[in-house]
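This is query36.cif (mmCIF, C-alpha atoms).
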data_final
#
loop_
_atom_site.group_PDB
_atom_site.id
_atom_site.type_symbol
_atom_site.label_atom_id
_atom_site.label_comp_id
_atom_site.auth_asym_id
_atom_site.auth_seq_id
_atom_site.Cartn_x
_atom_site.Cartn_y
_atom_site.Cartn_z
ATOM 1 C CA MET T 27 48.840 93.045 103.308
ATOM 2 C CA ARG T 28 45.522 91.634 102.129
ATOM 3 C CA VAL T 29 42.921 91.676 104.890
ATOM 4 C CA LEU T 30 39.524 89.963 105.158
ATOM 5 C CA GLY T 31 37.006 91.571 107.505
ATOM 6 C CA ILE T 32 33.828 89.764 108.484
ATOM 7 C CA ASP T 33 30.594 91.081 109.967
ATOM 8 C CA CYS T 34 28.689 88.022 111.223
ATOM 9 C CA GLY T 35 24.894 87.888 111.126
ATOM 10 C CA ALA T 36 22.283 85.173 111.617
ATOM 11 C CA ASP T 37 20.756 85.926 108.186
ATOM 12 C CA ARG T 38 23.422 87.879 106.361
ATOM 13 C CA THR T 39 27.182 87.943 106.897
ATOM 14 C CA GLY T 40 29.129 90.782 105.344
ATOM 15 C CA TYR T 41 32.688 90.406 104.102
ATOM 16 C CA GLY T 42 35.212 92.932 102.898
ATOM 17 C CA ILE T 43 38.630 92.461 101.371
ATOM 18 C CA ILE T 44 41.158 95.295 101.319
ATOM 19 C CA ASP T 45 44.809 95.757 100.522
ATOM 20 C CA SER T 46 46.489 97.934 103.107
ATOM 21 C CA ASP T 47 49.889 99.117 104.279
ATOM 22 C CA GLY T 48 48.338 100.147 107.587
ATOM 23 C CA ARG T 49 47.692 103.723 106.489
ATOM 24 C CA ALA T 50 46.366 103.614 102.938
ATOM 25 C CA HIS T 51 43.643 101.110 102.128
ATOM 26 C CA ARG T 52 42.279 99.897 98.817
ATOM 27 C CA LEU T 53 39.035 98.039 98.265
ATOM 28 C CA ILE T 54 39.383 94.661 96.568
ATOM 29 C CA GLU T 55 35.885 93.284 97.046
ATOM 30 C CA ALA T 56 33.019 93.476 99.482
ATOM 31 C CA GLY T 57 29.716 91.693 99.621
ATOM 32 C CA VAL T 58 27.226 89.700 101.615
ATOM 33 C CA ILE T 59 26.729 85.973 102.090
ATOM 34 C CA SER T 60 23.022 85.529 102.619
ATOM 35 C CA SER T 61 21.452 82.495 104.228
ATOM 36 C CA ARG T 62 18.237 84.230 105.181
ATOM 37 C CA GLY T 63 15.427 81.864 106.020
ATOM 38 C CA GLU T 64 17.366 78.697 105.249
ATOM 39 C CA GLU T 65 16.271 75.774 107.402
ATOM 40 C CA PRO T 66 17.415 73.926 109.356
ATOM 41 C CA TRP T 67 19.616 76.353 111.246
ATOM 42 C CA GLU T 68 22.871 74.450 110.646
ATOM 43 C CA ARG T 69 22.260 74.781 106.903
ATOM 44 C CA ARG T 70 22.846 78.524 107.272
ATOM 45 C CA LEU T 71 26.208 77.873 108.901
ATOM 46 C CA LEU T 72 27.110 75.654 105.971
ATOM 47 C CA THR T 73 26.091 78.304 103.427
ATOM 48 C CA LEU T 74 28.202 80.849 105.306
ATOM 49 C CA ALA T 75 31.232 78.523 105.452
ATOM 50 C CA ARG T 76 31.013 77.734 101.755
ATOM 51 C CA GLY T 77 30.649 81.404 100.880
ATOM 52 C CA LEU T 78 33.644 82.370 103.002
ATOM 53 C CA ARG T 79 35.747 79.583 101.510
ATOM 54 C CA GLN T 80 34.956 80.885 98.044
ATOM 55 C CA VAL T 81 35.926 84.436 98.997
ATOM 56 C CA ILE T 82 39.193 83.158 100.501
ATOM 57 C CA ALA T 83 39.974 80.974 97.486
ATOM 58 C CA THR T 84 39.332 83.875 95.113
ATOM 59 C CA HIS T 85 41.183 86.663 96.921
ATOM 60 C CA HIS T 86 43.804 84.893 99.075
ATOM 61 C CA PRO T 87 43.718 87.166 102.135
ATOM 62 C CA GLU T 88 46.729 86.869 104.449
ATOM 63 C CA THR T 89 44.889 87.711 107.654
ATOM 64 C CA ALA T 90 41.312 88.071 108.859
ATOM 65 C CA ALA T 91 39.299 89.850 111.537
ATOM 66 C CA VAL T 92 35.887 89.500 113.163
ATOM 67 C CA GLU T 93 33.992 91.456 115.793
ATOM 68 C CA GLU T 94 33.556 90.163 119.308
ATOM 69 C CA VAL T 95 30.035 89.211 120.372
ATOM 70 C CA PHE T 96 28.312 90.613 123.445
ATOM 71 C CA VAL T 97 25.078 89.766 125.136
ATOM 72 C CA ALA T 98 23.013 92.880 124.607
ATOM 73 C CA ALA T 99 19.277 93.316 125.016
ATOM 74 C CA ASN T 100 18.432 90.119 123.157
ATOM 75 C CA ALA T 101 20.295 87.146 124.629
ATOM 76 C CA GLN T 102 18.858 84.638 122.169
ATOM 77 C CA ALA T 103 19.999 86.755 119.227
ATOM 78 C CA ALA T 104 23.480 87.014 120.770
ATOM 79 C CA LEU T 105 23.645 83.228 121.133
ATOM 80 C CA ARG T 106 22.704 82.739 117.492
ATOM 81 C CA LEU T 107 25.268 85.308 116.436
ATOM 82 C CA ALA T 108 27.900 83.523 118.530
ATOM 83 C CA GLN T 109 27.144 80.279 116.700
ATOM 84 C CA VAL T 110 27.610 82.014 113.349
ATOM 85 C CA ARG T 111 30.853 83.441 114.683
ATOM 86 C CA GLY T 112 32.000 79.961 115.719
ATOM 87 C CA ALA T 113 31.309 78.645 112.230
ATOM 88 C CA ALA T 114 33.173 81.611 110.690
ATOM 89 C CA LEU T 115 36.184 81.204 113.005
ATOM 90 C CA LEU T 116 36.349 77.492 112.237
ATOM 91 C CA THR T 117 36.358 78.279 108.510
ATOM 92 C CA LEU T 118 39.141 80.859 108.936
ATOM 93 C CA ALA T 119 41.229 78.496 111.101
ATOM 94 C CA GLU T 120 40.768 75.760 108.535
ATOM 95 C CA ALA T 121 42.086 78.113 105.864
ATOM 96 C CA GLY T 122 45.138 78.780 108.034
ATOM 97 C CA LEU T 123 44.351 82.486 108.471
ATOM 98 C CA PRO T 124 45.418 84.323 111.624
ATOM 99 C CA VAL T 125 42.370 86.053 113.127
ATOM 100 C CA GLY T 126 42.125 89.380 114.903
ATOM 101 C CA GLU T 127 39.169 90.072 117.191
ATOM 102 C CA TYR T 128 37.896 93.543 117.969
ATOM 103 C CA SER T 129 35.056 95.039 119.940
ATOM 104 C CA PRO T 130 32.490 97.175 118.090
ATOM 105 C CA LEU T 131 33.937 100.114 120.056
ATOM 106 C CA GLU T 132 37.433 99.457 118.716
ATOM 107 C CA VAL T 133 36.161 99.135 115.158
ATOM 108 C CA LYS T 134 34.164 102.376 115.283
ATOM 109 C CA THR T 135 36.990 104.276 116.964
ATOM 110 C CA SER T 136 39.458 103.003 114.417
ATOM 111 C CA VAL T 137 37.341 104.120 111.468
ATOM 112 C CA THR T 138 35.635 107.296 112.713
ATOM 113 C CA GLY T 139 37.733 108.280 115.742
ATOM 114 C CA TYR T 140 34.592 108.002 117.840
ATOM 115 C CA GLY T 141 33.450 104.807 119.615
ATOM 116 C CA ARG T 142 29.781 105.716 119.598
ATOM 117 C CA ALA T 143 29.593 106.681 115.949
ATOM 118 C CA GLU T 144 26.349 105.957 114.142
ATOM 119 C CA LYS T 145 26.045 103.304 111.428
ATOM 120 C CA ARG T 146 25.746 105.919 108.700
ATOM 121 C CA GLN T 147 28.857 107.705 109.909
ATOM 122 C CA VAL T 148 30.841 104.446 109.816
ATOM 123 C CA GLN T 149 29.589 103.788 106.292
ATOM 124 C CA ARG T 150 30.639 107.248 105.118
ATOM 125 C CA MET T 151 34.104 106.968 106.671
ATOM 126 C CA VAL T 152 34.625 103.507 105.182
ATOM 127 C CA GLY T 153 33.826 104.933 101.749
ATOM 128 C CA SER T 154 36.142 107.889 102.345
ATOM 129 C CA LEU T 155 39.075 105.793 103.689
ATOM 130 C CA LEU T 156 38.828 103.515 100.669
ATOM 131 C CA GLY T 157 38.577 106.449 98.270
ATOM 132 C CA LEU T 158 35.220 105.297 96.922
ATOM 133 C CA ASP T 159 32.945 107.570 94.936
ATOM 134 C CA ARG T 160 30.024 106.531 97.094
ATOM 135 C CA VAL T 161 29.485 104.612 100.306
ATOM 136 C CA PRO T 162 29.088 100.833 100.018
ATOM 137 C CA GLU T 163 25.407 100.103 99.505
ATOM 138 C CA SER T 164 25.190 97.212 101.909
ATOM 139 C CA GLU T 165 25.554 98.037 105.590
ATOM 140 C CA ASP T 166 26.811 94.493 106.262
ATOM 141 C CA ALA T 167 29.555 94.795 103.659
ATOM 142 C CA SER T 168 30.442 98.257 104.935
ATOM 143 C CA ASP T 169 30.705 96.968 108.517
ATOM 144 C CA ALA T 170 32.946 94.137 107.326
ATOM 145 C CA LEU T 171 35.194 96.662 105.576
ATOM 146 C CA ALA T 172 35.338 98.677 108.815
ATOM 147 C CA VAL T 173 36.532 95.544 110.650
ATOM 148 C CA ALA T 174 39.163 94.958 107.947
ATOM 149 C CA ILE T 175 40.373 98.574 108.178
ATOM 150 C CA CYS T 176 40.524 98.354 111.982
ATOM 151 C CA HIS T 177 42.606 95.186 111.717
ATOM 152 C CA ALA T 178 44.911 96.668 109.063
ATOM 153 C CA THR T 179 45.702 99.715 111.176
ATOM 154 C CA ARG T 180 46.583 97.546 114.168
ATOM 155 C CA LEU T 181 48.790 94.989 112.484
ATOM 156 C CA PRO T 182 52.409 95.196 113.632
ATOM 157 C CA VAL T 183 54.384 97.504 111.353
ATOM 158 C CA GLU T 184 56.960 94.825 110.595
ATOM 159 C CA VAL T 185 54.457 92.563 108.875
ATOM 160 C CA ARG T 186 53.262 95.342 106.564
ATOM 161 C CA PRO T 187 54.383 95.005 102.965
ATOM 162 C CA MET K 23 19.584 53.682 113.752
ATOM 163 C CA ARG K 24 23.063 54.889 114.638
ATOM 164 C CA VAL K 25 22.952 58.110 116.639
ATOM 165 C CA LEU K 26 25.692 60.602 117.504
ATOM 166 C CA GLY K 27 25.120 62.731 120.606
ATOM 167 C CA ILE K 28 27.318 65.731 121.343
ATOM 168 C CA ASP K 29 27.867 67.659 124.573
ATOM 169 C CA CYS K 30 29.622 70.881 123.588
ATOM 170 C CA GLY K 31 32.166 72.523 125.869
ATOM 171 C CA ALA K 32 34.722 75.317 125.498
ATOM 172 C CA ASP K 33 37.549 73.003 126.650
ATOM 173 C CA ARG K 34 36.128 69.523 126.256
ATOM 174 C CA THR K 35 33.367 68.269 123.984
ATOM 175 C CA GLY K 36 31.859 64.886 124.756
ATOM 176 C CA TYR K 37 30.541 62.581 122.062
ATOM 177 C CA GLY K 38 28.591 59.351 122.259
ATOM 178 C CA ILE K 39 27.575 56.923 119.550
ATOM 179 C CA ILE K 40 24.746 54.445 120.109
ATOM 180 C CA ASP K 41 22.718 52.026 118.067
ATOM 181 C CA SER K 42 19.053 52.242 118.959
ATOM 182 C CA ASP K 43 15.632 51.103 117.811
ATOM 183 C CA GLY K 44 14.058 53.809 119.959
ATOM 184 C CA ARG K 45 13.585 51.556 122.979
ATOM 185 C CA ALA K 46 16.745 49.468 123.336
ATOM 186 C CA HIS K 47 20.098 51.210 123.070
ATOM 187 C CA ARG K 48 23.597 49.858 122.627
ATOM 188 C CA LEU K 49 26.838 51.720 123.211
ATOM 189 C CA ILE K 50 29.171 51.870 120.225
ATOM 190 C CA GLU K 51 31.698 54.407 121.457
ATOM 191 C CA ALA K 52 31.913 57.433 123.688
ATOM 192 C CA GLY K 53 34.713 59.818 124.448
ATOM 193 C CA VAL K 54 35.912 63.368 124.715
ATOM 194 C CA ILE K 55 37.562 65.715 122.226
ATOM 195 C CA SER K 56 39.793 67.936 124.290
ATOM 196 C CA SER K 57 41.116 71.297 123.151
ATOM 197 C CA ARG K 58 41.769 72.613 126.635
ATOM 198 C CA GLY K 59 44.098 75.596 126.677
ATOM 199 C CA GLU K 60 44.706 75.659 122.941
ATOM 200 C CA GLU K 61 45.345 79.152 121.643
ATOM 201 C CA PRO K 62 44.183 81.039 119.725
ATOM 202 C CA TRP K 63 40.539 80.377 120.382
ATOM 203 C CA GLU K 64 39.661 79.406 116.798
ATOM 204 C CA ARG K 65 42.292 76.658 117.035
ATOM 205 C CA ARG K 66 40.031 74.899 119.570
ATOM 206 C CA LEU K 67 37.145 75.002 117.119
ATOM 207 C CA LEU K 68 39.391 73.417 114.517
ATOM 208 C CA THR K 69 40.485 70.654 116.915
ATOM 209 C CA LEU K 70 36.848 69.971 117.736
ATOM 210 C CA ALA K 71 35.829 69.871 114.068
ATOM 211 C CA ARG K 72 38.647 67.493 113.170
ATOM 212 C CA GLY K 73 37.839 65.241 116.109
ATOM 213 C CA LEU K 74 34.158 65.115 115.195
ATOM 214 C CA ARG K 75 34.965 64.381 111.567
ATOM 215 C CA GLN K 76 37.092 61.453 112.660
ATOM 216 C CA VAL K 77 34.321 60.073 114.880
ATOM 217 C CA ILE K 78 31.839 60.406 112.001
ATOM 218 C CA ALA K 79 34.213 58.793 109.486
ATOM 219 C CA THR K 80 34.852 55.880 111.854
ATOM 220 C CA HIS K 81 31.302 55.141 113.007
ATOM 221 C CA HIS K 82 29.046 56.474 110.235
ATOM 222 C CA PRO K 83 26.180 57.803 112.376
ATOM 223 C CA GLU K 84 22.915 58.379 110.498
ATOM 224 C CA THR K 85 21.680 61.233 112.655
ATOM 225 C CA ALA K 86 23.050 63.555 115.346
ATOM 226 C CA ALA K 87 21.857 65.635 118.274
ATOM 227 C CA VAL K 88 23.155 68.534 120.360
ATOM 228 C CA GLU K 89 21.847 70.443 123.353
ATOM 229 C CA GLU K 90 20.464 73.936 123.046
ATOM 230 C CA VAL K 91 22.472 76.745 124.654
ATOM 231 C CA PHE K 92 21.008 79.175 127.158
ATOM 232 C CA VAL K 93 22.367 82.295 128.739
ATOM 233 C CA ALA K 94 22.658 81.325 132.394
ATOM 234 C CA ALA K 95 24.623 83.054 135.136
ATOM 235 C CA ASN K 96 27.733 83.513 133.016
ATOM 236 C CA ALA K 97 26.910 85.239 129.734
ATOM 237 C CA GLN K 98 30.485 85.169 128.430
ATOM 238 C CA ALA K 99 30.688 81.410 129.017
ATOM 239 C CA ALA K 100 27.377 80.945 127.182
ATOM 240 C CA LEU K 101 28.701 82.935 124.220
ATOM 241 C CA ARG K 102 31.819 80.784 124.034
ATOM 242 C CA LEU K 103 29.728 77.653 124.265
ATOM 243 C CA ALA K 104 27.495 78.964 121.468
ATOM 244 C CA GLN K 105 30.562 79.415 119.243
ATOM 245 C CA VAL K 106 31.613 75.826 119.897
ATOM 246 C CA ARG K 107 28.081 74.767 119.088
ATOM 247 C CA GLY K 108 28.203 76.710 115.815
ATOM 248 C CA ALA K 109 31.431 74.953 114.853
ATOM 249 C CA ALA K 110 29.926 71.562 115.765
ATOM 250 C CA LEU K 111 26.705 72.220 113.814
ATOM 251 C CA LEU K 112 28.702 73.304 110.774
ATOM 252 C CA THR K 113 30.718 70.080 110.960
ATOM 253 C CA LEU K 114 27.544 67.982 111.216
ATOM 254 C CA ALA K 115 25.887 69.846 108.341
ATOM 255 C CA GLU K 116 29.003 69.371 106.235
ATOM 256 C CA ALA K 117 28.820 65.624 106.929
ATOM 257 C CA GLY K 118 25.194 65.643 105.735
ATOM 258 C CA LEU K 119 23.809 64.572 109.105
ATOM 259 C CA PRO K 120 20.328 65.654 110.175
ATOM 260 C CA VAL K 121 20.558 67.311 113.593
ATOM 261 C CA GLY K 122 18.127 67.211 116.498
ATOM 262 C CA GLU K 123 18.263 69.917 119.153
ATOM 263 C CA TYR K 124 17.057 69.416 122.711
ATOM 264 C CA SER K 125 16.973 71.473 125.879
ATOM 265 C CA PRO K 126 18.845 70.136 128.941
ATOM 266 C CA LEU K 127 15.391 69.622 130.495
ATOM 267 C CA GLU K 128 14.289 67.396 127.599
ATOM 268 C CA VAL K 129 17.496 65.371 127.777
ATOM 269 C CA LYS K 130 17.264 64.803 131.529
ATOM 270 C CA THR K 131 13.572 63.970 131.369
ATOM 271 C CA SER K 132 14.153 61.547 128.546
ATOM 272 C CA VAL K 133 16.884 59.680 130.410
ATOM 273 C CA THR K 134 15.783 59.863 134.054
ATOM 274 C CA GLY K 135 12.113 60.800 133.815
ATOM 275 C CA TYR K 136 12.890 63.914 135.837
ATOM 276 C CA GLY K 137 13.898 67.266 134.318
ATOM 277 C CA ARG K 138 15.850 68.438 137.336
ATOM 278 C CA ALA K 139 17.871 65.250 137.787
ATOM 279 C CA GLU K 140 21.405 65.644 139.083
ATOM 280 C CA LYS K 141 24.479 64.968 136.968
ATOM 281 C CA ARG K 142 25.246 61.762 138.851
ATOM 282 C CA GLN K 143 21.702 60.487 138.364
ATOM 283 C CA VAL K 144 21.930 61.096 134.605
ATOM 284 C CA GLN K 145 25.242 59.242 134.498
ATOM 285 C CA ARG K 146 23.804 56.242 136.348
ATOM 286 C CA MET K 147 20.736 56.058 134.106
ATOM 287 C CA VAL K 148 22.849 56.333 130.962
ATOM 288 C CA GLY K 149 24.910 53.378 132.184
ATOM 289 C CA SER K 150 21.763 51.434 133.034
ATOM 290 C CA LEU K 151 19.971 52.188 129.722
ATOM 291 C CA LEU K 152 23.032 51.058 127.787
ATOM 292 C CA GLY K 153 23.410 47.921 129.920
ATOM 293 C CA LEU K 154 26.898 48.898 131.029
ATOM 294 C CA ASP K 155 28.608 47.282 134.002
ATOM 295 C CA ARG K 156 29.560 50.695 135.295
ATOM 296 C CA VAL K 157 28.739 54.320 134.518
ATOM 297 C CA PRO K 158 30.833 56.064 131.862
ATOM 298 C CA GLU K 159 33.834 57.609 133.587
ATOM 299 C CA SER K 160 33.716 60.921 131.773
ATOM 300 C CA GLU K 161 30.818 63.194 132.587
ATOM 301 C CA ASP K 162 31.137 64.845 129.158
ATOM 302 C CA ALA K 163 30.889 61.510 127.364
ATOM 303 C CA SER K 164 28.004 60.465 129.583
ATOM 304 C CA ASP K 165 26.144 63.714 128.834
ATOM 305 C CA ALA K 166 26.707 63.168 125.119
ATOM 306 C CA LEU K 167 25.258 59.650 125.423
ATOM 307 C CA ALA K 168 22.241 61.116 127.240
ATOM 308 C CA VAL K 169 21.697 63.484 124.289
ATOM 309 C CA ALA K 170 21.985 60.543 121.879
ATOM 310 C CA ILE K 171 19.464 58.486 123.883
ATOM 311 C CA CYS K 172 17.068 61.436 124.041
ATOM 312 C CA HIS K 173 17.294 61.821 120.272
ATOM 313 C CA ALA K 174 16.852 58.089 119.647
ATOM 314 C CA THR K 175 13.655 57.928 121.714
ATOM 315 C CA ARG K 176 12.181 60.866 119.827
ATOM 316 C CA LEU K 177 12.944 59.839 116.279
ATOM 317 C CA PRO K 178 9.809 59.085 114.262
ATOM 318 C CA VAL K 179 8.949 55.394 114.500
ATOM 319 C CA GLU K 180 8.964 54.976 110.720
ATOM 320 C CA VAL K 181 12.656 55.776 110.374
ATOM 321 C CA ARG K 182 13.685 53.258 113.028
ATOM 322 C CA PRO K 183 15.413 50.178 111.668
#

Render the structure in this file as structure tokens.
Amino acid sequence: MRVLGIDCGADRTGYGIIDSDGRAHRLIEAGVISSRGEEPWERRLLTLARGLRQVIATHHPETAAVEEVFVAANAQAALRLAQVRGAALLTLAEAGLPVGEYSPLEVKTSVTGYGRAEKRQVQRMVGSLLGLDRVPESEDASDALAVAICHATRLPVEVRP
Amino acid sequence: MRVLGIDCGADRTGYGIIDSDGRAHRLIEAGVISSRGEEPWERRLLTLARGLRQVIATHHPETAAVEEVFVAANAQAALRLAQVRGAALLTLAEAGLPVGEYSPLEVKTSVTGYGRAEKRQVQRMVGSLLGLDRVPESEDASDALAVAICHATRLPVEVRP
């Protein structure tokens, strides 16, 4: 099963593509779609959508996953993130991809076994689970891969290849 | 100048198209794109995007406007609304439309002269400003027309027809 994980951000959105049978995972590609500083705001959503479409057209994922958004300390930042998420979900729906949604807690637990794991720990485990020589350089790409791994391990067994 | 106003909602998104020279406004069309109860969530964003695209293809607006989103009493509702807004902004950007953004206070003040006007008051003034025999039946469509009127009155004079 080819899985696309997405880590939404107002300036940078990470993506990660893996092949997985639910237990073993293999990295296909990971990267970041940057729209930092683009104005007006909706232009960033367009850059993100176009970037995602290109990733989907290149790698043909069969399913996708994104993190849920919460209102934390900064409500305005959460609202911007939610808009990016809406644009990403629209792009995935348009591509006909089923979408899984997970809380940050679920993603961290799935990858590290610990819901309050630190960023660096998640990055290291992502590298280890994918059998990489070194951790992914970009934290956004690494987080997206964590979302993809979380999704892959929770897909029903019967849909695994 | 043909203006598209949008009132985003998780279940129902109102839209209103007017022709305006900044002072006099004429109703072209108003309505509601409903995605109430559609599952999964991203399916609603897709229904909204397709509906908006159809409105744009039919009426060829030159500019568009949406309300800003705030975190009010219900943070989860605000986050859902922000996702709808992100999907709407992406659709507008894709259509090449410039987008104005206004606070609810700005919209109400622009239409009724009073920032804390009640819903019913806004509806009546929208009907009056558009020279309608009666107020628009749908509150969502009426709110979208209010956003369009607000945008039309604030466009730079030099771009008015």

Quick one: which chain K residues come within 6 Å of chain T, and what is the nearest atom pair for each with the distance in Å to one decimal, counting only C-alpha atoms, rows ordered by chain and ascending number, as CSV?
residue,atom,partner,partner_atom,distance
K:Glu64,CA,T:Leu115,CA,5.5
K:Leu67,CA,T:Leu116,CA,5.5
K:Leu68,CA,T:Leu116,CA,5.6
K:Leu101,CA,T:Ala108,CA,5.8
K:Ala104,CA,T:Gln109,CA,5.0
K:Gln105,CA,T:Gly112,CA,3.8
K:Val106,CA,T:Gly112,CA,5.9
K:Gly108,CA,T:Gln109,CA,3.8
K:Ala109,CA,T:Ala113,CA,4.5
K:Leu111,CA,T:Glu68,CA,5.5
K:Leu112,CA,T:Leu71,CA,5.5
K:Ala115,CA,T:Glu68,CA,6.0

If you count all atoms listed in the file, the residue of T:Thr179, T:Thr135, T:Ser154, T:Ser168 closest to Ile43 (chain T) turns out to be T:Ser168

How many Å lie between CA of Asn96 (chain K) and CA of Tyr37 (chain K), rounded to one decimal? 23.8 Å

Please evaluate the PyMOL selection byres ((chain K and resi 88) around 6) against the displayed coordinates and give the resulting residues as a PyMOL selection string. chain K and resi 28+87+89+123

Fewer than 2 positions away in the same chain doesn't count, so skip those; otherwise give me all residues within 9 Å of Arg62 (chain T), counting all atoms listed in the file, as a count of residues only. 7

Evaluate the PyMOL selection byres ((chain T and resi 156) around 10) on the structure here and hand back the selected residues as a PyMOL selection string. chain T and resi 44-46+50-54+151-155+157-161+171+175

Out of T:Ala178, T:Ala172, T:Val29, T:Glu132, which residue has the shortest atom-to-atom distance to His85 (chain T) when counting all atoms listed in the file? T:Val29

Shell around Tyr136 (chain K) at 12 Å using only C-alpha atoms, local window under 6 positions removed, as a ChimeraX atom specification: /K:126-130,143-144,147

Could you check how far CA of Ala99 (chain K) sits from CA of Ser136 (chain T), in Å to one decimal? 27.5 Å

From the structure block, carefully write region 146-160 of chain T out with N, CA and C atoms; format it as a PDB file, in the first residue's frame.
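result_24.pdb written:
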ATOM      1  N   ARG T 146      12.677  15.409  18.210  1.00  0.00           N
ATOM      2  CA  ARG T 146      13.920  14.740  17.807  1.00  0.00           C
ATOM      3  C   ARG T 146      13.782  13.215  17.874  1.00  0.00           C
ATOM      4  N   GLN T 147      13.043  12.787  18.911  1.00  0.00           N
ATOM      5  CA  GLN T 147      12.804  11.361  19.100  1.00  0.00           C
ATOM      6  C   GLN T 147      11.963  10.803  17.937  1.00  0.00           C
ATOM      7  N   VAL T 148      10.938  11.574  17.547  1.00  0.00           N
ATOM      8  CA  VAL T 148      10.085  11.167  16.428  1.00  0.00           C
ATOM      9  C   VAL T 148      10.933  11.051  15.163  1.00  0.00           C
ATOM     10  N   GLN T 149      11.780  12.051  14.957  1.00  0.00           N
ATOM     11  CA  GLN T 149      12.639  12.067  13.767  1.00  0.00           C
ATOM     12  C   GLN T 149      13.542  10.825  13.728  1.00  0.00           C
ATOM     13  N   ARG T 150      14.120  10.503  14.879  1.00  0.00           N
ATOM     14  CA  ARG T 150      15.028   9.350  14.935  1.00  0.00           C
ATOM     15  C   ARG T 150      14.290   8.058  14.645  1.00  0.00           C
ATOM     16  N   MET T 151      13.078   7.919  15.236  1.00  0.00           N
ATOM     17  CA  MET T 151      12.304   6.691  15.038  1.00  0.00           C
ATOM     18  C   MET T 151      11.821   6.562  13.602  1.00  0.00           C
ATOM     19  N   VAL T 152      11.467   7.688  12.989  1.00  0.00           N
ATOM     20  CA  VAL T 152      11.051   7.666  11.582  1.00  0.00           C
ATOM     21  C   VAL T 152      12.201   7.138  10.723  1.00  0.00           C
ATOM     22  N   GLY T 153      13.399   7.660  10.978  1.00  0.00           N
ATOM     23  CA  GLY T 153      14.578   7.198  10.240  1.00  0.00           C
ATOM     24  C   GLY T 153      14.815   5.717  10.451  1.00  0.00           C
ATOM     25  N   SER T 154      14.669   5.267  11.703  1.00  0.00           N
ATOM     26  CA  SER T 154      14.914   3.869  12.046  1.00  0.00           C
ATOM     27  C   SER T 154      13.866   2.946  11.405  1.00  0.00           C
ATOM     28  N   LEU T 155      12.575   3.342  11.491  1.00  0.00           N
ATOM     29  CA  LEU T 155      11.491   2.503  10.941  1.00  0.00           C
ATOM     30  C   LEU T 155      11.598   2.376   9.429  1.00  0.00           C
ATOM     31  N   LEU T 156      12.184   3.401   8.803  1.00  0.00           N
ATOM     32  CA  LEU T 156      12.311   3.369   7.342  1.00  0.00           C
ATOM     33  C   LEU T 156      13.669   2.811   6.912  1.00  0.00           C
ATOM     34  N   GLY T 157      14.484   2.424   7.906  1.00  0.00           N
ATOM     35  CA  GLY T 157      15.786   1.857   7.597  1.00  0.00           C
ATOM     36  C   GLY T 157      16.741   2.830   6.928  1.00  0.00           C
ATOM     37  N   LEU T 158      16.619   4.116   7.302  1.00  0.00           N
ATOM     38  CA  LEU T 158      17.478   5.130   6.679  1.00  0.00           C
ATOM     39  C   LEU T 158      18.810   5.209   7.405  1.00  0.00           C
ATOM     40  N   ASP T 159      19.840   5.597   6.680  1.00  0.00           N
ATOM     41  CA  ASP T 159      21.157   5.748   7.283  1.00  0.00           C
ATOM     42  C   ASP T 159      21.188   6.916   8.263  1.00  0.00           C
ATOM     43  N   ARG T 160      20.383   7.939   7.940  1.00  0.00           N
ATOM     44  CA  ARG T 160      20.338   9.086   8.851  1.00  0.00           C
ATOM     45  C   ARG T 160      18.910   9.613   8.886  1.00  0.00           C
TER      46      ARG T 160
END
